[in-house]
Each structure stands twice: as structure tokens, then as C-alpha cells.
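In what follows, a single structure is set out as C-alpha cells and then discussed.
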4 protein chains.
Amino acid sequence: MKTACESPAILCVTIVLALAAFAAEPAAQPRARLRELGITIGTLPTGRWNAITDVAGVRVSHVTLIQGEGKLVPGQGPIRTGVTVVLPRQDVWQNKVPAASFVLNGNGEMTGLEWIEESGYLETPIALTNTLNVGRVYDGVITYMLKRYPEIGVTDVTINPVVAECDDSDLNDIRGRHVTDAATVEALENAASGPVREGAVGAGTGMIAFGFKGGIGTSSRVISKSDGAYTVGVLVNANMESREQLTIKGVPIGRELAPPLTGLAGGTPRASDGSIIIIAATDAPLSARQLKRLARRVPLGLARTGALSRHSSGDIILCFSTGNTIPHQPKGQTSSLLELADTRLNVLFQAVEEATEEAVLNALTTAPTMVGRDGNVAEGLPLEKTKEILRRYNQLR
Amino acid sequence: MKTACESPAILCVTIVLALAAFAAEPAAQPRARLRELGITIGTLPTGRWNAITDVAGVRVSHVTLIQGEGKLVPGQGPIRTGVTVVLPRQDVWQNKVPAASFVLNGNGEMTGLEWIEESGYLETPIALTNTLNVGRVYDGVITYMLKRYPEIGVTDVTINPVVAECDDSDLNDIRGRHVTDAATVEALENAASGPVREGAVGAGTGMIAFGFKGGIGTSSRVISKSDGAYTVGVLVNANMESREQLTIKGVPIGRELAPPLTGLAGGTPRASDGSIIIIAATDAPLSARQLKRLARRVPLGLARTGALSRHSSGDIILCFSTGNTIPHQPKGQTSSLLELADTRLNVLFQAVEEATEEAVLNALTTAPTMVGRDGNVAEGLPLEKTKEILRRYNQLR
Amino acid sequence: MKTACESPAILCVTIVLALAAFAAEPAAQPRARLRELGITIGTLPTGRWNAITDVAGVRVSHVTLIQGEGKLVPGQGPIRTGVTVVLPRQDVWQNKVPAASFVLNGNGEMTGLEWIEESGYLETPIALTNTLNVGRVYDGVITYMLKRYPEIGVTDVTINPVVAECDDSDLNDIRGRHVTDAATVEALENAASGPVREGAVGAGTGMIAFGFKGGIGTSSRVISKSDGAYTVGVLVNANMESREQLTIKGVPIGRELAPPLTGLAGGTPRASDGSIIIIAATDAPLSARQLKRLARRVPLGLARTGALSRHSSGDIILCFSTGNTIPHQPKGQTSSLLELADTRLNVLFQAVEEATEEAVLNALTTAPTMVGRDGNVAEGLPLEKTKEILRRYNQLR
Amino acid sequence: MKTACESPAILCVTIVLALAAFAAEPAAQPRARLRELGITIGTLPTGRWNAITDVAGVRVSHVTLIQGEGKLVPGQGPIRTGVTVVLPRQDVWQNKVPAASFVLNGNGEMTGLEWIEESGYLETPIALTNTLNVGRVYDGVITYMLKRYPEIGVTDVTINPVVAECDDSDLNDIRGRHVTDAATVEALENAASGPVREGAVGAGTGMIAFGFKGGIGTSSRVISKSDGAYTVGVLVNANMESREQLTIKGVPIGRELAPPLTGLAGGTPRASDGSIIIIAATDAPLSARQLKRLARRVPLGLARTGALSRHSSGDIILCFSTGNTIPHQPKGQTSSLLELADTRLNVLFQAVEEATEEAVLNALTTAPTMVGRDGNVAEGLPLEKTKEILRRYNQLR
């Protein structure tokens, strides 16, 4: 089984099985995005898809691996994991985007940050996966890049990809490192604009947030024309916090829902508090300095979901702007970087905070209950009860 | 008048006048701390005074300067300013405290941070004042230290005090730099434990937050015995954000209260968005590394008041721990630093986030309407209306 | 005496006396700049004055305070101190310059860094002085700015000046805080382009470096036309390290000169290892991100003088570029920032490293022997012996 | 060929071939460590092996891959690469070491730094390899850890290994990613104390420094008994800078040796300036805060070799201390961290600067001429000529 999973030849089957498994998820529990439930966050309008892909050119893709059930046989399964990729623009290697990171809590990994910090730009795709799979997914991104750019490492410089992780070991056989080179390349090659699947997909497949099933969430905001009509999009992989912290619009949903805390079951106590990776994109013309300012606001949106940023959570944020292009080969001695006036950043701060808050909540409302290794259960957030509680607090009409 | 204010001889009179003026504040608008209004934040219990002084040994004092009214005559008045000091322990020069800072938004000043970052400790009092007064208050702290420690600069090393500022120019003749050396020394000499005056006192005298009268606020949390029975206390000088952002327990108080936005009046548009300085203390035995982790959580509490951390706000955080002592003269080749297990920090994170949120709100609920230069009015947060709105959202019983 | 020194009325006399005293420095010990001794550093050519003022628009000025001798009477003298100012361009408030700092060792103070870090620009003059004088000089810079800009704090925003310090207490009555508001304003008003006085002048008056008399030093480099013909200028206030570390062109001058180590005498052991403040300017069009890269190279030049960056040294670096202008009032929604291609930075790195190394050595070769408080003697670096040693190592022809 | 290299079954053969190839290196060019040439750096004594392994418990190992010659066939060869591992102590997972990093120039990758920064400790081995091999080596470290710790990812938390890279594409078929999982595990399992092989070994196999053959270098310093008898050891992978910068003891060796610059030949211009990874270890009881101070001094030693820290160089430093132990499972609510008095750090700063400088030079003097892909030649530093030049400058007796 392990051999199968690590053999490229069988991998497609694995994925097909996985998708089939995913399609077969309990129909009994319908899921919805936050706004479909009538719940809105903040005051700014969303983009067309209310997704990071509302920033023109940004593409996303998932490969979801779901296979097996029952007792954990390390290296063999059950498998509840995957990879999610975010591509900033069509050819980010030749046309780099300004970027900056902020580490709210460093109990995690996002590779590539030294170079982003130094250069002020991002030049590779971003890949999210599980913790022990970082090496293989990193290698997969390199495989993809080497294929596209035959001159890398020959006459051109080399690359330092961005791979970030969360720990899905409560549901997934994480020791199996089931996300292969081929799965990573597949995700990268299929990246597309448009609506983004959320919840238990891609890197989010095995995630748990606020004691409920978590995973991928996304949201966006559009600024008024007078402020430039810019878009800000956020994508998260939410895998953090305990149930009693969950807060929606100031309402203590987590505490109201309990008891009973029927979340993770199966007798295996959670080893860590998990993590959250947050990617924010904008088409506003920002420099790396300004994107760092944006990145430092992301935790303010996260905070409004009740998150404490716990000790063992890797809370790592990466922001990029498609509103500037840094060519791979500088064309002259100097180049111009567009900067939105700093005095006009406030509405972008608001946008990224609102979109972050909503993206986290979208992960919760879209992810269905998932049974993983050793019968561990991550319960989907009960949507009807949540709405009922919000109504009691006059936060849902 | 300006001469008077700068002459030490007349200063005491100024202060007396100021205190008299303060005592005579409109009785028509009773003020209260948040909990006196029945509003609680979070789930952890407060300390005895619900103040930073609940951390044993921490002392606070204000000198409040209120004098004159009407049209601004730069350098002469009207005066609405002051200085607030926080002393970490009895003799912090000889018995330094581990400390760390975090700058959420650096549009402001807190001096002394390079040395705190390098040494991992704080060895001077902390003073808060208005922006243009930093030099004089800095010099005042030095005057106080030189008097207490005659060997400084002779046989002992020199000092880099910690002075932080917010801009009170909407109400105060900030160009007058009315906080003198003597006022600073007076504040330092009068620092005391016990309840802390809040609102329009000391450095908070001329502050405006969320479009309402802001200023000094404080709060504390006590951890359970099984977690070590530690205390976390926070003191803020709140001078930031616009009205529509104000949020209490997730309820959009700022938007519900408006229109009419009757806040700042008098025809002078606000030049900047102001700032917030946040000081957090704990008796938990933390190292500088751990205090930096604590400091990075403070914005999460701030976020829950609706703050965006606007462009022109200096949002600067300083945390210290009285649970370790670093002697001025090391006694041996090595020394021991106590560290609470990092896995036990979560409840301290929760404590500092809750206390920060409540300290900001305390500043608003305790600060009365203030009329400043050019007749500019900073309206006190209307408490009854606020309670009424919270009741509508089932957040006040 | 102390009263006199603190009274503006007598201050001018003090300064006149000081300048007179300075003029009367022992003629017996001729001083020279490093290149006048035949010693060159690196391979790039210098600018016209081999000074920070070679960067067009940069102006420098010193006020030097030398008064009294003999036994220290704290607060009264002897006085060996001053203030040195660097003005990036004619009206840096209206036309800000990109800037960035790097703290190699934070045992010191440079105010204003939070705002520089956040905004990416410098908008005030830079002032250097002694440690305990930071408050007064800070206030002096504000006095100067308020006078020039009557709208500051009324209809315009406020300011956070940049004031940095080194400890001159081995020679100077540092407790006296003898650099007044008026002296600071005088320095700022007299700032000029052209050659820069070095050694025991301004903030450098009481400094000791490598156990010899230190103080102000400056140097510059000019890049070739094909690389853009840019200039890099450096100014240091050197007050750090012990004698055995002093190295010139790899030659262990400090160790070769000793014994006897006849440096600081007078029975007062040095309380601290002192500090070095380093200001680097360039007209190359750099962003704050790139200036931070430049700032991180400055220690590499410093290292070649043998400096270890000792524990109690405040080694703080500030770099700015006059090749970009950030207007006080943004003119449109966006603006363009010029960036030299990062691939072209290497020669600027070389320039700043060479100029830093030479500026430190210029401080040593220009500063004459100074007798300070309690008869403490800081010996000027013996130039003939130094040349002789360099000849032995084939490093001087 | 590529298949072979990627198949674990053939890998041992590959390595055997590689070692054989290495053993067959041109006997015509004897190599030596710097001190064997009579050249000493600094004034502190070295440890027994003058290597990072002088810090008790530190173990090092290399796997060197040398195979094929002639024209580059991407993915197939020629191969000139490898992996070098540094293990801080016997069981660093259970007994973590305080650690801190400093990024002088971030044009490179060292994974794992977010967690080191947050936790203040290192809990995994360190692996160095080529740029495109980071993913596979990362995965190899995980393979090794999973084997040793069956509870990781099941009942225990997961890991974020430390893998750092330099670009060896001038000599090596870097696209082939020839360092496999198995090679990494082999390196980790063979790590040993004692003398460390230097030059063209392990990760250093394909490196070029100062235009000469570079690679692995190491050195150590021992502090006097009165200062604690502590050891500081440094290991570098040197792959940076251009020939004209090379400086030994202040002597411009690079410029004296040229012309002719006969270094890299074969018609392929160098795509990047390369990088340097620097690992420093000490048994002095330091905290993460103090190790960061140590890390910031490492560039000062590097600077004395003439290094500019060029734009495209990843100059990344990691320091750790075996003088403290942080248990995997905290034993109580609090623990004690030993800190050497900060006032006693100066001699450690000197030690790490001297050892860094010497480690870089050891890489140059031990690495023999290497012919790589496309006939590219990295010439070994000519030792006799170097000595001759140093003699002319009286720096070698």
C-alpha cells in the first residue's frame, strides 16, 4: 500500500480513488459558505467569487488524497491529506511579484522566506501541504519549475520555492508522506482562476480548526472606485485553536455549542494545536515594505474569529501584489516600483482583515465531518445551530 | 503664559490648576469602568484592581495638565496633556526585568527599544506623553535617575530611558511642550500601586480614540492556581482609529451610534489617526523571547475592539516580567533565567489579549467629554446608548 | 557654572569659549586624515572631500563644547562634549528620503527608528550627541523644526526626530547634559556642505575609540560612470573597542603599539566599551529595502578595523538615499519609487564598506590627545609609529 | 544514468564510485589547512581538531558524490555535489539546544528558521546541500527522524528540519538533484566527532569561493579557563565572492594573484555569486537571545576574508549552544536557562569571528582543483604563491 502510494505509476489511481472517496462524502450534511448562511463579515463588498482568485491572474488548485479507513498503519494509511497551490500570475518566474511575510507564531514552516525578505519579491508558486510532506512537495515544485524552465541551473540561477505546512496527523497517516512529486506537479499544472473549492480539499483535507473540521477557506474584498477599485483576496489553511475560542461576529459560538464537545473522537488526544497558513493577494500596486504592513494586519482579522495564536501553532502569513512586475532580467540600470500612497492603505488594511476573518469561517462552514485515522472524527461545524445562536445575538436576520 | 509653564517655579501651580480643572469636570456625565456597566470581556477573572498594578510591584502615576480654553495660541495653550509613568518594580535599575517589544505599526516613537531588544531587559521607568514632549520627558526621566543614582555617568554606565508618545494636538497646544522636567520627576516620585486613574489623565488627557474621548485604560487577568496563579496587567494610552470601527463584543457600536457623528468638533480636521501605546506586565517568569511572543498577541486583543491599525497610528507594545530579576552587577559568570514552559503560555496569551481589549474599552468608558483647543470637542462615549445597543445584541444582561 | 551652562543667555559664551579652547589644542601633535598619511583603503576613488557631504545636498555641522579641566564636579564640568548634525537635503520634511537602519549591537539609542522602519523614509535631521543629552538634543531638534514649520502640531502632523548617542563620560561631565536646546539649533542652522571637520569635534569631542582618542570621521566613494557615477558617503562617531583590536589593512596596529598602553589615564576605569554610530548616505536611487541591505554591509567595513562589536557598544547604522524623493503630501494615489537594479548593488556594497572602514580610521588619525575629567587622557593615535608599523608590513610605501 | 542515481538500489554504488573518484583526486596538488601553512588567524588558541567537533558532542559527516565528466547532460551529470550534516548532540530531539540565526543576505535558503526563532531552540540535525536538492535532503532528514522516533506524527508532534543550500551549478549537474534520501540518511547515520574533512567534500564538493575551489571549512577557538574554558566551533560551506576580494590577514591575495585570473574556465559564465552557510556551535551556556548576538558577529569574521556579501549570495548563519538542554517534554511548570553574563560575551564574539575567518580560509586551502560539468575548472588556491605573497607583507614568517 505504501509502495503503491509512493510509486508514480499508481499515483493517478490513488488520486482518482481519492476524488471518488471525496465525492462520496456524507450527503447528509450539506455545507455552505458563510454568506450562503446569511452571515456577512465587515462592510466591504466581496469580489465576484469571494475568493483569492478575484485578484486577476491568481490561480489555485488542489489535489486531495483520501484513501482507507480505520486503524493507523504508519506509512500505509488511512490517508487524509493533499496539496493546495497558489500561483500569483501566469509566469511569476519571469514576472515576479512584490511580496512580504509576517510570522505571528513560528511553530511551523514556510520555506523561501529569506529570499522573499531580501529581494522583496516572490518568484515561485506557493504550495501548502502537511508537515512531513514539505520535502516531497518542495521537490515537486522544483520538478515543475525545471520542466518549464530548462535553463534553470544551467545558464540561469536556481530557485527557492515557497512551501508551507500544517499538521494533519490527527486524521491522516502523516508519516506516509503521501503527497508525491507527481501530485504536486499535477496541482501546479491544473491551477485555474474562478471559484475555489474550500474545506476538506487539498492541503486542507486533514485539517481541524477550533475543534471542528477545518481546511481551506478563501474570501475577497473590493475597494471602491474612488479608492482605486483594488481587490484583496485571502486563502487560508485553517488547522488551529480549540473549540471554546470560536467566535463569529463577537458571538462565542464555541462556548455556546458546548457541551457536549463532540469534536475529535477516537481516543487519540491531539498532539499539537495545529497551525494556520494565510496567503493574501492584491492587485493594488504595493511594494514589499507596504505588503509587510498588510501582512501585519492579517492577525487582526484572524483575532476576530477568536484565535489566540496558541503556542504550538505555526501562524505564517505571506502577502503579494500583482500590481507591480519585477522582471527576471532587469531591463535597465534602474526600474520604477509603483507604491500606492501609504495614506491610502487603511482601506486595504480593512479589506485584508475582513477577508481573513471570512476565509477562516468559510473553511469551517464548508468542511464536512471527516473520519480519519483510528476512527478519529473531526465534526463539521453544525450550521443550523450556529445560525440559531447568531440569531439569538441579533447577528443574523 | 508659555514662560510660566516652562518655569519650574510656576509649574506646581499649573499642576494644581490642572488637577482643580480636572476635579471640576462636568458632573453631568458620569463615567464608569466597563465592568461597572455590566460588560465583561473574556472568561478569565481580573485581579484586585483590574489594573496593571495587580502585578505586584508595578507602580503607576499621572501628572495631568489642563489649563486655558478657546483659540489655540501655539506655545501658550490651551493645555490638555500630561505624563503617565509605569515603574516595573521598586529599583528596576539594580533589579532589571526581562522585556520585549513589538511594533504593530511604527508611526510613533518609543525610545529605548534597541537596548531592550539587545539586552532582553528593561532597566528604567516607562514614561508616556505627547509627541512633541518626548525630549523633555526623556530628559525628566534622566533627571530622576541621576538624582537616585549618583554614580551613573561617573563610575557606572549610562541610561537609555523608555519614553513613548501619542499625538494630542487635536485638543492640546502640543507645540507648547508643556510637560516639563519637573512634571516628569513628580510623576515618577509619586508612582504607587493600587487603583489606577483612567481616561483623561496623565498622558491620556488629550487623547481621542474611535472618535470619542480616549486616553489611559487598564485591566488585568489572573490565571488559575493550577496554571501558576500568575497575573497579567495591561495599561494603554488609546488615541487611535475612527468611529465606525468601534466594536464591543462583536457589536458594531461605532456604526450603531452614528449618525450623527458628533465627535470631534470645532472646525479643525484631525491631522493624524493617532496611536496606541500598550504596556503589558506579568509576574509569570518569562524570558525576553517569551515576552516577545506575548507582545505579538497584544494586537489580537486590540483587534477585537475593531481597531484596524491605521497607517498613521503608532501602535507600539512593550511587555515585561517581574518573575525574573537580572541584577545590575552580575554576581557570577553565569546566571539562571526562569522560563515558564512554552506549552503553558496559552493561558497567558489569552490573559494579555483579554486585558488589552478591556483596557482599551476602559479608556473609552472612563474618559469624559473634553473641550480642547479651538473649541474642539472630544465627546465621551455615550454609556447609556452603548449599553442599550449591547442589550439589543444580547451582549448585556 | 552648571546654572550658567544651562542658561541660554550664557550658552553662546560657553560655545565661544569652547571653540577657543578647541582652537588652542596642542599644536605639538599634528593630525592628518588617513590618506594624507599615504594610507588608502580599498580600491574605489573617493569623492571631492572624501566626506559624507560628497553626496550632493548632504550638510553637516558641529557644536563643540570644551570647558574646564581637572576633577569632575558632576553637573559642572569639565565639559568635553557636543552635538553633530547631518541634514540629508535642503528640506527633508517636505522632501523625504528613503532610509533604513540596522542595529549591529543595540547597547545604545537612536530615536526615530520605528517610524523609519515603517514608512521607509527619513523626514528629520539626524543629531548625534552624548548619552545623557539625548532628551535635550531631541527637544532642540523639535525647537528647530517647530520654528521652520509653524503648521506642525497645528494643521500638520507631528515629528519623531532621529537622535543617536555615544557615552563620553570618560572625558566629559556627562551628567551635566551640557548640550542645550540652543546649541542643537545652532548646529542645525549652520549645517553646510563641503569639507567636514573630524576627530574631537561636535558629538565626537569626548569619544575614545580603540583606546585612543576617537570621535567624528568621514569618508566617501564614487562609483564608475558605467555603474551610474553614484556617490556613497559615511560619517561615524567612533567611541568603541579596546586597543588590542585596532587593525589597519590587516596589520595589528593596536598590538604592535603596545606596550605601553598609555591610553586612558587618570585613575578612572572605563565604565563601558562605548559605541559607534554610523550614518551612510548615497545619491543612488535606492528604496528602503535596498538601504537595509546597504546598512547590513556597514559592519563588514567596520570589522576590517578590528572591531569585535563588543557587548556594551551601541553599534547603530542609518542609511539614506537622496536618489528618491517622497513628498510630504502625496501628489496622487500612487507614486513611483526608483530602484537601482539589485544586481547592480555590489559596487555600492563595496563603496559603503570601504568608506566605513576609512571613516573610522579618519576619526583616529584626526583626533588629537584630549585631557578630560579627572585628568583622564585619551591619547591621539601616534601617527608616525603607525606609519612605521604599516611600512614593516609592506602596507605603506 | 539518472534513473540509476535515483534508485536506492544503485545509490550505494554511486557513492562508492564517488568516494573512489574523490580518492583519485590529482595527487599533484597537495592541500593543507591554513595553520599547516604557518598562517594563523587571531590570537585565541584552537581546540584539539580546530573544528566544530571540538565542541563536545557535535558530530559531522559528509556524503560526496563525484561521477562523470565532460558535457552537461541535465539530469545525468557530471555530478559534483553532496550533503554535509551537523548534529548538535546525541539526541537533539529529546534534548534540544538553544539556537538563533542571522541572515546577512537572504539570497538562499535555510529551512526551519521560523521555529528556531520562535522556540529559541534547535531540535533536528542540520543538513547542507545544493540548491535544487533541498527538497530531497529535507525528506531524507525526515526519513531519518521517523525511523529513530516512531511516535513522531502518531502520538508526538511533527518536525521542521534545518536544510541549507548553496548553488553548485557551475561544476555540478544541479538539475539532477543527485543527493538522495538514502545519501542523506547515510550521512546522518555516519556522523562522528573528531577531525572533519574539508574542501571538496559533502555539500562542498561543487562549491567555488573567491573564484577558487571552495567548499567545507571548519575551525575552533578555546577560551581561557578564567573565562570559562568554553569552546566555539564554526563550519562553513563557502561558495561566494569574486577573486579580487580575497584577503588574508589584510593582504589582497586575490588582487596579487591576478592576472591571469585562471579560475573558472570552460566557457560557462557563472550564473550567480554563490552563497555561504555558516554554522557556529559553542558549549558556553547561552540563551537564544545571546546566540543571536553571536550570530550577528559572524559576518565580522567573514568580512576579514574580504567578503562583500554580494547581492546574489545567501549568507545565512545558525548558532547553537550545547551548554543548555531544553527537554522535549518539559519536566515542570518552569525550567531554568543558564546564561553566561552578557558582560562576558566579548571573548566569545572574538572566538566566533576568528573561527569564522579561519574556517573560510581552510575551505580554500584544503580544496583541490576540480573539473566539473562542461569542463569548467575551479582552480585550487595556489598555496605556495599565497605564502609567498603573505611573506612579502610580513604576515608569514
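Residue numbers start at 1 in each chain; chains themselves are named A, B, ... in the order of the C-alpha cells; ligands are numbered from 1 in the order shown.
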
- Item | Residue contacts of Arg177 of chain C (12 Å, only C-alpha atoms) excluding same-chain residues fewer than 5 positions away, as a PyMOL selection string | (chain B and resi 139-140+142-143+146+153) or (chain C and resi 2-3+5-6+65+74-83+129-137+167-169+172+183)

- Task: Output as number ranges by chain the set of chain C residues within 7 Å of chain A, with distances taken over only C-alpha atoms.
- Result: C: 330, 333-341

- List every residue of segment 149-362 of chain B that DSSP, applied to the backbone of this structure, assigns to strand (DSSP E or B), and report them as a ChimeraX atom specification. /B:152,156,162-166,192,199,208-209,212-213,215-222,231-240,248,251,265,274-282,314-321,326-327,334-340

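The space separating atom CA of Val103 of chain C from atom CA of Phe349 of chain C comes to 17.1 Å.
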
Long-range neighbours of Gln350 of chain D as a PDB file with N, CA and C atoms, in the first residue's frame, 9 Å cut-off, only C-alpha atoms, 5 positions minimum in chain:
```pdb
ATOM      1  N   LEU C 308      35.248  44.194  17.232  1.00  0.00           N
ATOM      2  CA  LEU C 308      34.528  42.955  17.566  1.00  0.00           C
ATOM      3  C   LEU C 308      33.031  43.189  17.696  1.00  0.00           C
ATOM      4  N   ARG C 310      31.596  44.914  20.611  1.00  0.00           N
ATOM      5  CA  ARG C 310      31.588  44.427  21.992  1.00  0.00           C
ATOM      6  C   ARG C 310      30.213  44.584  22.643  1.00  0.00           C
TER       7      ARG C 310
ATOM      8  N   GLY D  42      44.074  35.524  14.204  1.00  0.00           N
ATOM      9  CA  GLY D  42      43.677  35.964  15.534  1.00  0.00           C
ATOM     10  C   GLY D  42      44.645  35.530  16.610  1.00  0.00           C
ATOM     11  N   LEU D  44      43.443  33.777  19.744  1.00  0.00           N
ATOM     12  CA  LEU D  44      42.953  32.729  20.643  1.00  0.00           C
ATOM     13  C   LEU D  44      43.416  31.350  20.166  1.00  0.00           C
ATOM     14  N   ARG D 297      27.712  38.571  15.004  1.00  0.00           N
ATOM     15  CA  ARG D 297      29.170  38.826  14.909  1.00  0.00           C
ATOM     16  C   ARG D 297      29.837  37.993  13.818  1.00  0.00           C
ATOM     17  N   GLY D 301      33.769  38.284  11.161  1.00  0.00           N
ATOM     18  CA  GLY D 301      34.874  37.397  10.805  1.00  0.00           C
ATOM     19  C   GLY D 301      34.918  37.173   9.301  1.00  0.00           C
ATOM     20  N   LEU D 345      30.588  38.118  27.216  1.00  0.00           N
ATOM     21  CA  LEU D 345      30.436  37.608  25.848  1.00  0.00           C
ATOM     22  C   LEU D 345      31.556  38.050  24.909  1.00  0.00           C
ATOM     23  N   ALA D 355      37.207  32.171  14.360  1.00  0.00           N
ATOM     24  CA  ALA D 355      36.956  30.826  13.819  1.00  0.00           C
ATOM     25  C   ALA D 355      36.252  30.902  12.466  1.00  0.00           C
TER      26      ALA D 355
END
```

- Using only C-alpha atoms, which residues sit within 8 Å of Thr53 of chain D once same-chain residues fewer than 6 positions away are excluded, as a ChimeraX atom specification? /D:59-60,193-196,233

May I have the selected residues written with N, CA and C atoms, as an mmCIF file, in the first residue's frame?
```
data_model
loop_
_atom_site.group_PDB
_atom_site.id
_atom_site.type_symbol
_atom_site.label_atom_id
_atom_site.label_comp_id
_atom_site.auth_asym_id
_atom_site.auth_seq_id
_atom_site.Cartn_x
_atom_site.Cartn_y
_atom_site.Cartn_z
ATOM 1 N N ARG D 59 28.724 16.372 16.040
ATOM 2 C CA ARG D 59 29.180 15.381 15.079
ATOM 3 C C ARG D 59 28.924 15.860 13.652
ATOM 4 N N VAL D 60 29.798 15.460 12.759
ATOM 5 C CA VAL D 60 29.737 15.908 11.365
ATOM 6 C C VAL D 60 29.932 14.707 10.461
ATOM 7 N N SER D 193 32.309 12.527 15.782
ATOM 8 C CA SER D 193 33.186 13.558 16.318
ATOM 9 C C SER D 193 34.570 13.392 15.676
ATOM 10 N N GLY D 194 35.536 14.169 16.130
ATOM 11 C CA GLY D 194 36.897 14.032 15.610
ATOM 12 C C GLY D 194 37.156 14.980 14.466
ATOM 13 N N PRO D 195 38.288 14.776 13.774
ATOM 14 C CA PRO D 195 38.659 15.677 12.672
ATOM 15 C C PRO D 195 37.578 15.699 11.602
ATOM 16 N N VAL D 196 37.441 16.827 10.946
ATOM 17 C CA VAL D 196 36.419 16.993 9.914
ATOM 18 C C VAL D 196 37.113 17.140 8.566
ATOM 19 N N GLY D 233 33.067 26.551 17.898
ATOM 20 C CA GLY D 233 33.459 25.910 16.646
ATOM 21 C C GLY D 233 32.596 26.399 15.505
#
```

- Query: By how many Å are atom CA of Thr325 of chain A and atom CA of Thr124 of chain A apart?
  - Reply: 13.6 Å

- Task: Pull the helix (DSSP H, G or I) assignments for segment 128-297 of chain C out of DSSP run on the backbone, and list those residues as a VMD selection string.
- Result: chain C and resid 131 to 148 174 to 176 181 to 189 202 to 204 225 to 227 243 to 245 253 to 257 288 to 297

- Message: As an exercise, work out the distance from atom CA of Thr43 of chain B to atom CA of Ser220 of chain B in Å and give it to one decimal place.
- Response: 12.0 Å

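Excluding Asn239 of chain B and any residue on its chain fewer than 6 positions from it, the residues at most 8 Å away by only C-alpha atoms are Cys166, Asp167, Asp168, Met207, Ile208, Ala209, Phe210, Gly214, Gly215, Asp273, Gly274, Ser275 and Ile276 of chain B.
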
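Nearest-residue note for Glu357 of chain B: choosing from B:Thr158, B:Thr305, B:Asn107, B:Ser313, the minimum distance belongs to B:Thr305, counting only C-alpha atoms.
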
- Query: Any idea what's packed within 12 Å of Arg392 of chain C, counting only C-alpha atoms, ignoring anything in its chain fewer than 5 positions away? Could you give it as a ChimeraX atom specification?
  - Reply: /C:251-253,256,385-387,397 /D:391-395

Generate a file of the selected residues that holds all heavy atoms, formatted as a short mmCIF file (atom, residue, chain, number, x, y, z; two decimals), in the first residue's frame.
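Dumped everything to result_28.cif:
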```cif
data_model
loop_
_atom_site.label_atom_id
_atom_site.label_comp_id
_atom_site.auth_asym_id
_atom_site.auth_seq_id
_atom_site.Cartn_x
_atom_site.Cartn_y
_atom_site.Cartn_z
N VAL C 251 46.93 44.91 9.50
CA VAL C 251 48.11 44.99 10.38
C VAL C 251 47.64 45.25 11.82
O VAL C 251 46.86 46.18 12.05
CB VAL C 251 49.04 46.12 9.90
CG1 VAL C 251 50.21 46.28 10.85
CG2 VAL C 251 49.51 45.83 8.48
N PRO C 252 48.10 44.45 12.76
CA PRO C 252 47.63 44.57 14.15
C PRO C 252 48.26 45.77 14.86
O PRO C 252 49.07 45.61 15.78
CB PRO C 252 48.06 43.25 14.78
CG PRO C 252 49.25 42.82 13.99
CD PRO C 252 49.04 43.33 12.59
N ILE C 253 47.87 46.95 14.43
CA ILE C 253 48.46 48.20 14.95
C ILE C 253 48.32 48.27 16.47
O ILE C 253 49.27 48.62 17.18
CB ILE C 253 47.75 49.41 14.31
CG1 ILE C 253 48.00 49.44 12.79
CG2 ILE C 253 48.20 50.72 14.96
CD1 ILE C 253 49.41 49.74 12.39
N GLU C 256 50.80 45.99 18.06
CA GLU C 256 52.18 46.40 17.77
C GLU C 256 52.55 47.66 18.58
O GLU C 256 53.69 47.82 18.98
CB GLU C 256 52.32 46.68 16.26
CG GLU C 256 52.25 45.44 15.38
CD GLU C 256 53.62 44.75 15.27
OE1 GLU C 256 54.60 45.25 15.86
OE2 GLU C 256 53.68 43.70 14.60
N LYS C 385 54.44 56.40 14.42
CA LYS C 385 54.63 54.98 14.76
C LYS C 385 53.70 54.09 13.93
O LYS C 385 54.08 53.01 13.51
CB LYS C 385 54.34 54.76 16.25
CG LYS C 385 55.50 55.12 17.16
CD LYS C 385 55.21 54.67 18.59
CE LYS C 385 56.06 55.45 19.58
NZ LYS C 385 55.54 55.38 20.95
N THR C 386 52.51 54.57 13.74
CA THR C 386 51.55 53.80 12.95
C THR C 386 52.05 53.61 11.52
O THR C 386 52.00 52.50 10.97
CB THR C 386 50.18 54.53 12.94
OG1 THR C 386 49.69 54.58 14.27
CG2 THR C 386 49.17 53.82 12.05
N LYS C 387 52.57 54.68 10.96
CA LYS C 387 53.10 54.58 9.60
C LYS C 387 54.29 53.62 9.54
O LYS C 387 54.43 52.82 8.61
CB LYS C 387 53.52 55.97 9.11
CG LYS C 387 52.33 56.85 8.76
CD LYS C 387 52.70 58.31 8.63
CE LYS C 387 53.60 58.61 7.44
NZ LYS C 387 53.88 60.06 7.34
N ARG C 397 53.84 52.59 1.33
CA ARG C 397 55.06 52.75 0.53
C ARG C 397 55.63 54.13 0.72
O ARG C 397 54.96 55.05 1.09
CB ARG C 397 54.77 52.51 -0.96
CG ARG C 397 54.78 51.01 -1.30
CD ARG C 397 53.38 50.49 -1.52
NE ARG C 397 53.31 49.04 -1.28
CZ ARG C 397 52.40 48.25 -1.85
NH1 ARG C 397 51.54 48.72 -2.71
NH2 ARG C 397 52.36 46.97 -1.53
N ARG D 391 54.37 36.47 2.80
CA ARG D 391 55.72 36.78 3.30
C ARG D 391 56.11 38.20 2.92
O ARG D 391 56.70 38.92 3.72
CB ARG D 391 56.71 35.76 2.74
CG ARG D 391 57.03 34.64 3.71
CD ARG D 391 58.11 33.71 3.17
NE ARG D 391 57.70 32.32 3.38
CZ ARG D 391 57.32 31.49 2.42
NH1 ARG D 391 57.34 31.88 1.14
NH2 ARG D 391 56.96 30.26 2.72
N ARG D 392 55.76 38.58 1.69
CA ARG D 392 56.08 39.93 1.25
C ARG D 392 55.43 40.98 2.13
O ARG D 392 55.92 42.10 2.24
CB ARG D 392 55.60 40.11 -0.20
CG ARG D 392 56.68 39.85 -1.21
CD ARG D 392 56.32 40.45 -2.54
NE ARG D 392 55.40 39.60 -3.29
CZ ARG D 392 54.31 40.01 -3.89
NH1 ARG D 392 53.94 41.29 -3.82
NH2 ARG D 392 53.56 39.16 -4.57
N TYR D 393 54.28 40.61 2.71
CA TYR D 393 53.58 41.54 3.59
C TYR D 393 53.91 41.29 5.07
O TYR D 393 53.19 41.75 5.94
CB TYR D 393 52.08 41.45 3.35
CG TYR D 393 51.61 42.15 2.09
CD1 TYR D 393 51.64 41.51 0.85
CD2 TYR D 393 51.15 43.47 2.15
CE1 TYR D 393 51.21 42.15 -0.29
CE2 TYR D 393 50.71 44.12 1.01
CZ TYR D 393 50.75 43.45 -0.22
OH TYR D 393 50.32 44.09 -1.35
N ASN D 394 54.95 40.51 5.29
CA ASN D 394 55.40 40.24 6.66
C ASN D 394 54.31 39.58 7.49
O ASN D 394 54.25 39.76 8.71
CB ASN D 394 55.83 41.58 7.31
CG ASN D 394 56.73 41.34 8.50
OD1 ASN D 394 57.30 40.25 8.67
ND2 ASN D 394 56.85 42.35 9.35
N GLN D 395 53.41 38.87 6.81
CA GLN D 395 52.34 38.20 7.55
C GLN D 395 52.59 36.69 7.62
O GLN D 395 51.72 35.94 8.04
CB GLN D 395 50.97 38.49 6.91
CG GLN D 395 50.53 39.94 7.03
CD GLN D 395 49.92 40.28 8.40
OE1 GLN D 395 50.13 39.57 9.39
NE2 GLN D 395 49.19 41.40 8.46
#
```

- Message: Taking 4 positions as the minimum chain separation for residues in the same chain, which residues sit within 8 Å of Leu381 of chain A when counting only C-alpha atoms? Answer as a ChimeraX atom specification.
- Response: /A:212-213,364-365,367-369,386
